[in-house]
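Here is the structure we will look at, set down as structure tokens.
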Amino acid sequence: MKKPIVAAVAFDGISPFHLSVPCLVFGADRTKLGLPRFDFRVCAMQGGPVHTDAGLSIVVPHGLSALDEADIVIIPSWKDLEAPLAAPFEDALQQAHRRGALIVGLCLGTFAIAGAGLLAGRKATTHWAYTERLQALHPDIAIDADVLYVDEGDIITSAGVAAGLDCCLHIVRARYGAEAALRLARHVVLSPHRQGGQAQFIERPLAPTPNADRFAKALDEVRASLGKAHSLDSVAEAAGLTRRTFTRRFQKTTGTSFGDWLADQRVALAQRLLEQTDKSMDIVAFEAGFGSATSLRQHFAARLRTSPRQYRREFSRNTQAAARNTQAPDGLSLL
């Protein structure tokens, strides 16, 4: 069985930084870390070198025919936002979507997907500074300007560059599990996966202070003991802050509320337990801090749109398929 094919679309005027996002996540062979192996292809709409906006040129080995076989098609950015798509590219994108490929628009790449008519009546996002322009050009799209990325199942769109990394990690997480995404993030020194509903605007502390150190330490202690009860007041006290100051700093630092962040951390832990152990739902719920299997199911339904049992079954099925896809010629698994 073939490795999953990921095709990233390059074009004249592309930013090398934007193109590097899918290259970083999908382009390297990290099977020694137990991560999935991809057949990664950079393609272009025409032959010859692609000129970037940084003054350098790159040789792209594939044409649009790469989209004919791709399991995932990524448009890392876009230019000429109001110009119609070139007919060959529009056709290739539409055919890939009809065939069942996952279509991903990172940052301004959303404009290309919208230009192909694939976002009509759907929810999407893009860089916050361009959301009004996208809405004006495509009023039939439900645009959410406040989130990192939007997953519509067969189409995913993201906000700016950093959100593009979150989006690509989300794809790995959704297809290969939370542990694989966590190992990948650690290997390339990225922050752990952020849920798509977090805000695009995140204000980071400019310099460390004693209180900031206590703040970070308090959150680390929560992450290390998710099975225990953690109230807003108790964590604020551990951080040496009042409830109000802690709440304000937490929102500015993470882009979400403490309650939502805590639930996300617990769901991620539950995912890893479901992936790596055969523990019962009651034990998984207890160790992840949900208290009951009912609460665990409710949080999975709200955040992942599936049940814990279904998640475990799907992960097991995907893991078996990935193992078959990565058999070396001598029959030894590369995983």
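Chain labels A, B, ... are given in the sequence in which chains occur in the structure tokens; within each chain residues are numbered consecutively from 1, and ligands are likewise numbered from 1 in the order shown.
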- Message: Excluding stretch 92-109 of chain A and its own-chain neighbours fewer than 5 positions away, which residues fall within 8 Å of it when counting only C-alpha atoms? Please give them as JSON, numbers by chain.
- Response: {"A": [64, 65, 67, 68, 69, 70, 71, 72, 73, 74, 75, 76, 77, 78, 79, 116, 118, 126, 127, 130, 153, 154, 155, 156, 157, 158, 159, 160, 161, 163, 164, 167]}
- Looking only at helix (DSSP H, G or I) from DSSP on the backbone, list the matching residues of stretch 144-268 of chain A as a PyMOL selection string. chain A and resi 161-176+178-187+210-224+232-238+243-254+258-268
Since we have the selection now, will you write its residues out, keeping C-alpha atoms, as a compact mmCIF listing (two decimals), in the first residue's frame?
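part_17.txt written:
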# COMPACT_ATOMS: atom_id res chain seq x y z
CA VAL A 161 1.66 31.51 9.56
CA ALA A 162 1.83 30.25 13.14
CA ALA A 163 -1.76 29.03 12.85
CA GLY A 164 -0.71 27.13 9.71
CA LEU A 165 1.65 25.08 11.85
CA ASP A 166 -1.17 24.42 14.31
CA CYS A 167 -3.37 23.40 11.40
CA CYS A 168 -0.82 20.92 10.01
CA LEU A 169 -0.31 19.44 13.48
CA HIS A 170 -4.09 19.13 13.72
CA ILE A 171 -4.09 17.05 10.53
CA VAL A 172 -1.43 14.73 11.96
CA ARG A 173 -3.33 14.53 15.23
CA ALA A 174 -6.68 13.80 13.58
CA ARG A 175 -5.26 11.05 11.34
CA TYR A 176 -2.52 9.54 13.48
CA ALA A 178 -2.46 12.87 19.81
CA GLU A 179 0.77 11.09 20.73
CA ALA A 180 2.11 11.25 17.16
CA ALA A 181 1.32 14.98 16.98
CA LEU A 182 2.97 15.56 20.36
CA ARG A 183 6.14 13.71 19.32
CA LEU A 184 6.27 15.69 16.08
CA ALA A 185 5.84 19.00 17.93
CA ARG A 186 8.63 18.10 20.33
CA HIS A 187 10.95 16.99 17.53
CA PRO A 210 9.09 36.43 39.20
CA ASN A 211 5.30 36.42 38.84
CA ALA A 212 5.51 35.23 35.23
CA ASP A 213 7.76 32.38 36.36
CA ARG A 214 5.25 31.40 39.02
CA PHE A 215 2.48 31.67 36.45
CA ALA A 216 4.24 29.25 34.07
CA LYS A 217 5.13 26.93 36.92
CA ALA A 218 1.51 26.83 38.10
CA LEU A 219 0.36 25.76 34.62
CA ASP A 220 3.10 23.13 34.43
CA GLU A 221 1.89 21.72 37.74
CA VAL A 222 -1.66 21.53 36.39
CA ARG A 223 -0.48 19.70 33.25
CA ALA A 224 1.46 17.24 35.40
CA LEU A 232 -9.40 28.79 38.97
CA ASP A 233 -8.84 30.15 42.46
CA SER A 234 -6.35 27.45 43.48
CA VAL A 235 -4.26 27.85 40.33
CA ALA A 236 -4.35 31.65 40.60
CA GLU A 237 -3.12 31.34 44.19
CA ALA A 238 -0.31 29.02 43.09
CA ARG A 243 -8.29 35.66 40.39
CA ARG A 244 -8.93 38.70 38.21
CA THR A 245 -5.26 39.28 37.30
CA PHE A 246 -4.71 35.58 36.61
CA THR A 247 -7.77 35.43 34.35
CA ARG A 248 -6.65 38.48 32.38
CA ARG A 249 -3.06 37.21 32.01
CA PHE A 250 -4.21 33.73 31.07
CA GLN A 251 -6.44 35.05 28.29
CA LYS A 252 -3.65 37.24 26.92
CA THR A 253 -1.10 34.42 27.09
CA THR A 254 -3.12 31.52 25.69
CA PHE A 258 -8.69 28.65 31.92
CA GLY A 259 -11.70 26.33 31.87
CA ASP A 260 -11.46 25.67 28.13
CA TRP A 261 -7.69 25.24 28.32
CA LEU A 262 -8.02 22.73 31.16
CA ALA A 263 -10.64 20.75 29.26
CA ASP A 264 -8.41 20.71 26.16
CA GLN A 265 -5.47 19.43 28.21
CA ARG A 266 -7.61 16.68 29.70
CA VAL A 267 -9.02 15.64 26.33
CA ALA A 268 -5.47 15.42 24.93
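Residue neighbourhood of A:Gly115, excluding near-sequence residues (fewer than 6 positions): A:Pro84, A:Leu85, A:Glu90, at 8 Å, using only C-alpha atoms.
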- One-decimal distance in Å that lies between atom CA of A:Arg41 and atom CA of A:Ser57: 17.1 Å
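Using only C-alpha atoms, the nearest neighbour of A:Leu269 within the list A:Val284, A:Ala86, A:Leu24, A:Val147 is A:Val284.
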- Task: Select, from A:Leu241, A:Leu296, A:Ala28, A:Leu274, the residue with the minimum atom-to-atom distance to A:Tyr311, counting only C-alpha atoms.
- Result: A:Leu274
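Note that the spacing between atom CA of A:Ala124 and atom CA of A:Tyr149 amounts to 7.7 Å.
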- Message: Please list as a count of residues only every residue within 7 Å of A:Val50, counting only C-alpha atoms and excluding residues in the same chain fewer than 2 positions away.
- Response: 8
Skipping near chain neighbours, those fewer than 2 positions away, what residues fall within 9 Å of A:Arg303 using only C-alpha atoms, listed as a PDB file with N, CA, C and O atoms, in the first residue's frame?
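To be explicit, this is the file written out as around-v9.pdb:
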ATOM      1  N   GLN A 195      -5.948  23.948  20.044  1.00  0.00           N
ATOM      2  CA  GLN A 195      -7.253  23.723  19.429  1.00  0.00           C
ATOM      3  C   GLN A 195      -7.579  24.864  18.472  1.00  0.00           C
ATOM      4  O   GLN A 195      -7.211  26.016  18.699  1.00  0.00           O
ATOM      5  N   ASP A 264      -9.221  21.130  27.298  1.00  0.00           N
ATOM      6  CA  ASP A 264      -8.408  20.705  26.155  1.00  0.00           C
ATOM      7  C   ASP A 264      -7.245  19.828  26.603  1.00  0.00           C
ATOM      8  O   ASP A 264      -6.926  18.815  25.961  1.00  0.00           O
ATOM      9  N   VAL A 267      -8.645  16.408  27.513  1.00  0.00           N
ATOM     10  CA  VAL A 267      -9.023  15.641  26.327  1.00  0.00           C
ATOM     11  C   VAL A 267      -7.770  15.078  25.653  1.00  0.00           C
ATOM     12  O   VAL A 267      -7.742  13.910  25.219  1.00  0.00           O
ATOM     13  N   GLN A 298     -19.004  13.489  26.855  1.00  0.00           N
ATOM     14  CA  GLN A 298     -19.521  14.818  26.523  1.00  0.00           C
ATOM     15  C   GLN A 298     -18.423  15.723  25.972  1.00  0.00           C
ATOM     16  O   GLN A 298     -18.634  16.449  24.988  1.00  0.00           O
ATOM     17  N   HIS A 299     -17.249  15.683  26.585  1.00  0.00           N
ATOM     18  CA  HIS A 299     -16.147  16.532  26.126  1.00  0.00           C
ATOM     19  C   HIS A 299     -15.606  16.057  24.775  1.00  0.00           C
ATOM     20  O   HIS A 299     -15.225  16.876  23.928  1.00  0.00           O
ATOM     21  N   PHE A 300     -15.560  14.758  24.554  1.00  0.00           N
ATOM     22  CA  PHE A 300     -15.127  14.244  23.251  1.00  0.00           C
ATOM     23  C   PHE A 300     -16.107  14.668  22.165  1.00  0.00           C
ATOM     24  O   PHE A 300     -15.707  15.069  21.067  1.00  0.00           O
ATOM     25  N   ALA A 301     -17.387  14.580  22.454  1.00  0.00           N
ATOM     26  CA  ALA A 301     -18.395  14.972  21.470  1.00  0.00           C
ATOM     27  C   ALA A 301     -18.287  16.450  21.141  1.00  0.00           C
ATOM     28  O   ALA A 301     -18.398  16.849  19.972  1.00  0.00           O
ATOM     29  N   ARG A 305     -16.016  15.675  18.105  1.00  0.00           N
ATOM     30  CA  ARG A 305     -17.167  15.193  17.345  1.00  0.00           C
ATOM     31  C   ARG A 305     -17.130  13.678  17.158  1.00  0.00           C
ATOM     32  O   ARG A 305     -17.422  13.145  16.089  1.00  0.00           O
ATOM     33  N   THR A 306     -16.732  12.979  18.201  1.00  0.00           N
ATOM     34  CA  THR A 306     -16.743  11.524  18.204  1.00  0.00           C
ATOM     35  C   THR A 306     -16.839  11.066  19.642  1.00  0.00           C
ATOM     36  O   THR A 306     -16.821  11.881  20.568  1.00  0.00           O
TER      37      THR A 306
END
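Computed from the coordinates, the atom CA of A:Val21 to atom CA of A:Leu81 distance equals 20.4 Å.
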